[in-house]
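File shown: coords.cif (mmCIF, C-alpha atoms).
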```cif
data_protein
#
loop_
_atom_site.group_PDB
_atom_site.id
_atom_site.type_symbol
_atom_site.label_atom_id
_atom_site.label_comp_id
_atom_site.auth_asym_id
_atom_site.auth_seq_id
_atom_site.Cartn_x
_atom_site.Cartn_y
_atom_site.Cartn_z
ATOM 1 C CA MET A 1 87.827 -21.066 9.728
ATOM 2 C CA ILE A 2 88.023 -19.521 13.231
ATOM 3 C CA PHE A 3 88.421 -15.809 13.889
ATOM 4 C CA ALA A 4 90.637 -14.732 16.793
ATOM 5 C CA ASN A 5 90.088 -18.169 18.451
ATOM 6 C CA LYS A 6 86.890 -16.817 20.019
ATOM 7 C CA HIS A 7 84.468 -17.093 17.135
ATOM 8 C CA GLN A 8 83.461 -20.230 15.336
ATOM 9 C CA PHE A 9 80.805 -21.554 12.973
ATOM 10 C CA LEU A 10 78.100 -24.142 13.363
ATOM 11 C CA ASN A 11 78.990 -27.564 11.995
ATOM 12 C CA SER A 12 77.258 -30.746 10.848
ATOM 13 C CA VAL A 13 77.130 -32.085 14.410
ATOM 14 C CA ASP A 14 75.270 -28.968 15.545
ATOM 15 C CA PHE A 15 72.696 -29.338 12.776
ATOM 16 C CA PHE A 16 72.265 -33.038 13.602
ATOM 17 C CA ASN A 17 71.767 -32.231 17.284
ATOM 18 C CA ALA A 18 69.236 -29.602 16.224
ATOM 19 C CA ASN A 19 66.780 -32.432 15.535
ATOM 20 C CA PHE A 20 66.486 -33.018 19.287
ATOM 21 C CA VAL A 21 65.887 -29.426 20.353
ATOM 22 C CA ASN A 22 62.670 -28.527 22.181
ATOM 23 C CA ILE A 23 60.768 -26.220 19.829
ATOM 24 C CA ASN A 24 57.631 -25.850 21.927
ATOM 25 C CA GLU A 25 58.810 -23.264 24.451
ATOM 26 C CA PRO A 26 57.427 -19.719 24.054
ATOM 27 C CA LEU A 27 59.518 -16.583 23.674
ATOM 28 C CA ARG A 28 61.922 -15.457 26.373
ATOM 29 C CA ILE A 29 62.390 -11.836 25.404
ATOM 30 C CA SER A 30 63.010 -8.581 27.191
ATOM 31 C CA VAL A 31 61.954 -5.009 26.495
ATOM 32 C CA ASN A 32 64.237 -3.101 24.105
ATOM 33 C CA ASP A 33 65.713 -6.206 22.507
ATOM 34 C CA GLN A 34 66.139 -4.451 19.155
ATOM 35 C CA ARG A 35 68.920 -1.902 18.687
ATOM 36 C CA PHE A 36 68.871 0.821 16.050
ATOM 37 C CA SER A 37 72.171 2.312 14.961
ATOM 38 C CA LEU A 38 72.342 6.059 14.407
ATOM 39 C CA LYS A 39 72.548 5.348 10.704
ATOM 40 C CA ARG A 40 69.384 3.240 10.876
ATOM 41 C CA GLN A 41 67.498 5.767 13.011
ATOM 42 C CA LYS A 42 67.914 8.367 10.289
ATOM 43 C CA ARG A 43 66.271 5.990 7.805
ATOM 44 C CA GLY A 44 63.364 5.048 10.049
ATOM 45 C CA SER A 45 62.231 1.712 11.430
ATOM 46 C CA ALA A 46 60.801 0.097 8.306
ATOM 47 C CA VAL A 47 62.931 -1.936 5.929
ATOM 48 C CA ILE A 48 62.023 -0.336 2.626
ATOM 49 C CA PHE A 49 65.270 0.502 0.857
ATOM 50 C CA GLU A 50 67.538 -2.174 -0.573
ATOM 51 C CA ASN A 51 70.389 -0.926 1.616
ATOM 52 C CA ASP A 52 68.355 -1.976 4.641
ATOM 53 C CA LYS A 53 68.288 -5.553 3.438
ATOM 54 C CA TRP A 54 71.080 -8.087 3.447
ATOM 55 C CA PRO A 55 72.232 -8.505 -0.172
ATOM 56 C CA ASN A 56 70.598 -11.540 -1.767
ATOM 57 C CA GLY A 57 69.310 -12.585 1.650
ATOM 58 C CA ARG A 58 72.780 -13.805 2.632
ATOM 59 C CA ILE A 59 73.803 -13.047 6.223
ATOM 60 C CA PRO A 60 77.380 -14.007 7.132
ATOM 61 C CA TYR A 61 77.858 -14.951 10.780
ATOM 62 C CA VAL A 62 80.335 -16.036 13.410
ATOM 63 C CA ILE A 63 79.348 -17.581 16.730
ATOM 64 C CA SER A 64 81.024 -17.352 20.112
ATOM 65 C CA SER A 65 82.903 -20.402 21.372
ATOM 66 C CA THR A 66 81.225 -20.019 24.790
ATOM 67 C CA TYR A 67 78.003 -21.807 23.828
ATOM 68 C CA THR A 68 77.346 -25.365 25.014
ATOM 69 C CA LEU A 69 76.597 -28.142 22.543
ATOM 70 C CA TYR A 70 72.872 -27.907 23.265
ATOM 71 C CA GLN A 71 72.872 -24.128 22.879
ATOM 72 C CA ARG A 72 74.643 -24.461 19.542
ATOM 73 C CA ALA A 73 71.977 -26.968 18.518
ATOM 74 C CA ILE A 74 69.237 -24.459 19.405
ATOM 75 C CA ILE A 75 70.826 -21.807 17.215
ATOM 76 C CA ALA A 76 71.345 -24.358 14.442
ATOM 77 C CA ARG A 77 67.669 -25.361 14.606
ATOM 78 C CA ALA A 78 66.584 -21.743 14.175
ATOM 79 C CA ILE A 79 68.960 -21.168 11.272
ATOM 80 C CA ALA A 80 67.773 -24.396 9.641
ATOM 81 C CA ALA A 81 64.179 -23.153 9.936
ATOM 82 C CA TYR A 82 65.071 -19.983 8.028
ATOM 83 C CA THR A 83 66.779 -22.075 5.360
ATOM 84 C CA ALA A 84 63.812 -24.413 4.996
ATOM 85 C CA ARG A 85 61.053 -21.809 4.936
ATOM 86 C CA THR A 86 62.598 -18.652 3.472
ATOM 87 C CA CYS A 87 65.339 -17.586 1.070
ATOM 88 C CA ILE A 88 67.381 -16.130 3.946
ATOM 89 C CA ARG A 89 70.741 -17.862 4.291
ATOM 90 C CA PHE A 90 72.918 -17.540 7.376
ATOM 91 C CA THR A 91 76.345 -18.525 6.097
ATOM 92 C CA PRO A 92 79.781 -18.788 7.753
ATOM 93 C CA ARG A 93 81.621 -15.523 7.397
ATOM 94 C CA GLN A 94 84.366 -15.419 4.806
ATOM 95 C CA LEU A 95 87.411 -13.171 5.010
ATOM 96 C CA TYR A 96 85.992 -10.916 2.312
ATOM 97 C CA ASP A 97 82.762 -10.331 4.272
ATOM 98 C CA ARG A 98 82.939 -6.888 5.834
ATOM 99 C CA ASP A 99 79.335 -6.942 7.033
ATOM 100 C CA TYR A 100 78.368 -9.876 9.238
ATOM 101 C CA ILE A 101 76.737 -10.715 12.569
ATOM 102 C CA ILE A 102 78.460 -11.850 15.742
ATOM 103 C CA ILE A 103 76.306 -14.213 17.809
ATOM 104 C CA SER A 104 77.489 -14.129 21.410
ATOM 105 C CA LYS A 105 76.472 -13.863 25.066
ATOM 106 C CA THR A 106 77.033 -10.113 25.231
ATOM 107 C CA ASP A 107 74.318 -8.834 27.567
ATOM 108 C CA GLY A 108 70.887 -10.432 27.663
ATOM 109 C CA CYS A 109 68.940 -10.797 24.436
ATOM 110 C CA PHE A 110 69.049 -8.196 21.675
ATOM 111 C CA ALA A 111 69.936 -7.785 18.030
ATOM 112 C CA ASP A 112 71.127 -4.932 15.863
ATOM 113 C CA PHE A 113 68.271 -4.111 13.518
ATOM 114 C CA ALA A 114 68.462 -4.810 9.778
ATOM 115 C CA HIS A 115 71.537 -4.481 7.578
ATOM 116 C CA VAL A 116 73.455 -1.458 8.789
ATOM 117 C CA GLY A 117 76.648 -1.816 6.773
ATOM 118 C CA GLY A 118 80.154 -0.803 7.747
ATOM 119 C CA GLY A 119 81.208 -3.798 9.788
ATOM 120 C CA PRO A 120 80.022 -6.430 12.255
ATOM 121 C CA GLN A 121 76.658 -6.278 14.009
ATOM 122 C CA GLN A 122 75.745 -7.780 17.368
ATOM 123 C CA VAL A 123 73.268 -10.508 18.235
ATOM 124 C CA SER A 124 73.305 -11.248 21.954
ATOM 125 C CA LEU A 125 71.807 -14.568 23.035
ATOM 126 C CA ALA A 126 72.522 -15.049 26.732
ATOM 127 C CA ASP A 127 71.774 -18.182 28.737
ATOM 128 C CA GLU A 128 68.578 -16.890 30.329
ATOM 129 C CA CYS A 129 66.789 -16.264 27.053
ATOM 130 C CA LEU A 130 68.230 -18.864 24.724
ATOM 131 C CA ASN A 131 65.561 -21.090 23.222
ATOM 132 C CA TYR A 132 64.370 -21.814 19.697
ATOM 133 C CA ALA A 133 61.583 -19.221 19.587
ATOM 134 C CA THR A 134 63.806 -16.474 20.959
ATOM 135 C CA VAL A 135 66.546 -17.135 18.415
ATOM 136 C CA ILE A 136 63.944 -17.006 15.623
ATOM 137 C CA HIS A 137 62.712 -13.685 17.046
ATOM 138 C CA GLU A 138 66.131 -12.049 17.355
ATOM 139 C CA LEU A 139 67.238 -13.157 13.901
ATOM 140 C CA MET A 140 64.067 -11.652 12.468
ATOM 141 C CA HIS A 141 65.256 -8.313 13.885
ATOM 142 C CA VAL A 142 68.528 -8.887 12.028
ATOM 143 C CA ILE A 143 66.610 -9.454 8.799
ATOM 144 C CA GLY A 144 64.778 -6.173 9.310
ATOM 145 C CA PHE A 145 61.520 -6.619 11.209
ATOM 146 C CA ILE A 146 60.379 -4.649 14.222
ATOM 147 C CA HIS A 147 58.023 -5.932 16.907
ATOM 148 C CA GLU A 148 54.521 -6.566 15.632
ATOM 149 C CA HIS A 149 52.941 -4.311 18.252
ATOM 150 C CA GLN A 150 55.286 -1.445 17.284
ATOM 151 C CA ARG A 151 54.175 -1.260 13.678
ATOM 152 C CA ALA A 152 53.419 2.180 12.266
ATOM 153 C CA ASN A 153 49.846 1.097 11.587
ATOM 154 C CA THR A 154 49.128 0.271 15.220
ATOM 155 C CA ASP A 155 46.798 2.430 17.316
ATOM 156 C CA PHE A 156 48.212 2.973 20.805
ATOM 157 C CA GLU A 157 45.663 5.569 21.902
ATOM 158 C CA LYS A 158 43.758 2.849 23.737
ATOM 159 C CA LEU A 159 46.651 0.373 23.646
ATOM 160 C CA THR A 160 44.663 -1.520 21.056
ATOM 161 C CA SER A 161 45.925 -2.891 17.741
ATOM 162 C CA VAL A 162 44.136 -2.350 14.456
ATOM 163 C CA LYS A 163 44.265 -4.733 11.524
ATOM 164 C CA LEU A 164 46.056 -3.049 8.646
ATOM 165 C CA SER A 165 48.317 -4.308 5.893
ATOM 166 C CA TYR A 166 52.068 -4.927 6.334
ATOM 167 C CA TYR A 167 53.831 -6.570 3.377
ATOM 168 C CA GLY A 168 50.339 -7.590 2.360
ATOM 169 C CA GLU A 169 49.577 -9.169 5.744
ATOM 170 C CA ARG A 170 47.122 -8.060 8.392
ATOM 171 C CA TYR A 171 48.152 -7.384 11.971
ATOM 172 C CA ASP A 172 49.200 -10.710 13.465
ATOM 173 C CA TYR A 173 48.576 -11.283 17.162
ATOM 174 C CA PHE A 174 50.399 -14.607 16.923
ATOM 175 C CA SER A 175 53.529 -13.368 15.159
ATOM 176 C CA ILE A 176 56.824 -14.525 16.637
ATOM 177 C CA MET A 177 57.555 -10.777 16.823
ATOM 178 C CA HIS A 178 54.667 -10.043 19.208
ATOM 179 C CA TYR A 179 55.245 -9.433 22.924
ATOM 180 C CA GLU A 180 52.960 -10.592 25.708
ATOM 181 C CA SER A 181 50.173 -8.237 26.726
ATOM 182 C CA THR A 182 51.916 -7.304 30.001
ATOM 183 C CA GLU A 183 55.440 -6.872 28.628
ATOM 184 C CA GLY A 184 57.101 -3.822 30.183
ATOM 185 C CA SER A 185 54.310 -3.334 32.710
ATOM 186 C CA ARG A 186 55.254 -2.162 36.203
ATOM 187 C CA ASN A 187 51.974 -3.114 37.807
ATOM 188 C CA GLY A 188 51.070 -6.296 35.965
ATOM 189 C CA LYS A 189 48.402 -4.616 33.861
ATOM 190 C CA ASN A 190 48.245 -4.892 30.094
ATOM 191 C CA THR A 191 50.366 -2.571 28.006
ATOM 192 C CA VAL A 192 48.961 -3.941 24.731
ATOM 193 C CA GLU A 193 45.476 -5.323 24.190
ATOM 194 C CA ALA A 194 43.684 -7.000 21.304
ATOM 195 C CA ARG A 195 40.324 -5.750 20.135
ATOM 196 C CA ILE A 196 39.033 -9.263 20.800
ATOM 197 C CA GLN A 197 39.751 -9.651 24.504
ATOM 198 C CA ALA A 198 40.017 -13.440 24.346
ATOM 199 C CA ILE A 199 43.128 -13.037 22.189
ATOM 200 C CA THR A 200 44.973 -10.746 24.628
ATOM 201 C CA PRO A 201 46.290 -13.498 26.966
ATOM 202 C CA LEU A 202 47.479 -15.506 23.959
ATOM 203 C CA MET A 203 49.761 -12.802 22.548
ATOM 204 C CA GLY A 204 53.482 -13.383 22.896
ATOM 205 C CA LYS A 205 53.037 -17.116 23.431
ATOM 206 C CA SER A 206 54.236 -18.211 19.995
ATOM 207 C CA SER A 207 56.958 -20.822 19.755
ATOM 208 C CA ASP A 208 57.622 -20.584 16.010
ATOM 209 C CA PHE A 209 57.035 -18.471 12.913
ATOM 210 C CA SER A 210 53.437 -17.710 12.062
ATOM 211 C CA SER A 211 52.438 -18.128 8.426
ATOM 212 C CA SER A 212 52.273 -14.338 8.252
ATOM 213 C CA ASP A 213 55.881 -14.051 9.453
ATOM 214 C CA ILE A 214 57.031 -16.348 6.665
ATOM 215 C CA ASN A 215 55.017 -14.459 4.057
ATOM 216 C CA ARG A 216 56.482 -11.110 5.130
ATOM 217 C CA ILE A 217 60.057 -12.320 5.063
ATOM 218 C CA ASN A 218 59.659 -13.863 1.634
ATOM 219 C CA ARG A 219 57.926 -10.797 0.205
ATOM 220 C CA ALA A 220 60.466 -8.400 1.697
ATOM 221 C CA TYR A 221 63.341 -10.363 0.189
ATOM 222 C CA LYS A 222 61.456 -11.271 -3.005
ATOM 223 C CA CYS A 223 61.889 -14.986 -2.437
#
```

Let's see the structure in the file written out as structure tokens.
Amino acid sequence: MIFANKHQFLNSVDFFNANFVNINEPLRISVNDQRFSLKRQKRGSAVIFENDKWPNGRIPYVISSTYTLYQRAIIARAIAAYTARTCIRFTPRQLYDRDYIIISKTDGCFADFAHVGGGPQQVSLADECLNYATVIHELMHVIGFIHEHQRANTDFEKLTSVKLSYYGERYDYFSIMHYESTEGSRNGKNTVEARIQAITPLMGKSSDFSSSDINRINRAYKC
């Protein structure tokens, strides 16, 4: 099924080609890659209420026809990873699905945060930031997770993170949701630092889910 001749779905060829995707590249993300709707802002940034979650972990999607075969394979590889390791299911949108995501090259890399409700939500995956790790990252925003370094239990007084619980998991420097230490810096200096300095240059270098990421997703959605 194709919507308005511009949106399509991934197919078996895409998922076959996904086996040949490079999954070792680190994140290619930009500041402010998560968007909060006015409705979401009123509820806060943590996915606590059931309305914030996608019902039964099912997320209907359509994908722009502008992606190349390799780019489609990258997206397919990320979706397959969610299927294999969580109970989240990205499924082709059906006509009865009012709430769904549109994956397209809108403007850089960003995703509408969590399940807003009331119609389609945007996931922009442009050429310059399209790799496996980045797709994993943006789709985790869709599911309902903020950046690791923006958690409510993070101490920014000295730009240093503390280790507190989040869905039963401690602060994770190696989460796929963690930025690099210099992200957003205008002078090249660190904007976020680890208490253990040797860890600081390693932050934001992940190329896949951490075990903590998987645990949080599965606990949030009661997998």

Practice task
Specify as a PyMOL selection string each residue included when the PyMOL selection byres ((chain A and resi 104) around 10) is applied to this file.
Solution key: chain A and resi 6-7+62-67+101-103+105-109+122-126

Handout entry: Expansion of the PyMOL selection byres ((chain A and resi 14) around 9) into residues, as a PyMOL selection string
Key = chain A and resi 10-13+15-18+69-70+72-77

Practice task
Identify all residues satisfying the PyMOL selection byres ((chain A and resi 115) around 6) in the given file; provide them as a ChimeraX atom specification.
Solution key: /A:52-54,114,116-117

Problem - Atom-to-atom span, atom CA of Ala198 of chain A and atom CA of His141 of chain A, Å - result: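 Between these atoms lies a distance of 27.8 Å.
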
Handout entry: Nearest-residue call for Thr134 of chain A, choices A:Ile79, A:Ala84, A:Ile176, A:Ile214, using all atoms listed in the file
Key =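 Of A:Ile79, A:Ala84, A:Ile176, A:Ile214, the one nearest Thr134 of chain A is A:Ile176, counting all atoms listed in the file.
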
Handout entry: Residue neighbourhood Ile136 of chain A, 12 Å, all atoms listed in the file, exclusion window fewer than 2 positions, as a count of residues only
Key = 44

Exercise for the section: Please indicate the distance in Å from atom CA of Glu193 of chain A to atom CA of Tyr167 of chain A, rounded to one decimal place. Expected result: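 Answer for the atom CA of Glu193 of chain A to atom CA of Tyr167 of chain A separation: 22.5 Å.
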
Handout entry: Best match for closeness to Ile88 of chain A among A:Val21, A:Ile196, A:Ile59, A:Ala220, counting all atoms listed in the file
Key =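 Checking each of A:Val21, A:Ile196, A:Ile59, A:Ala220 against Ile88 of chain A, counting all atoms listed in the file, the winner is A:Ile59.
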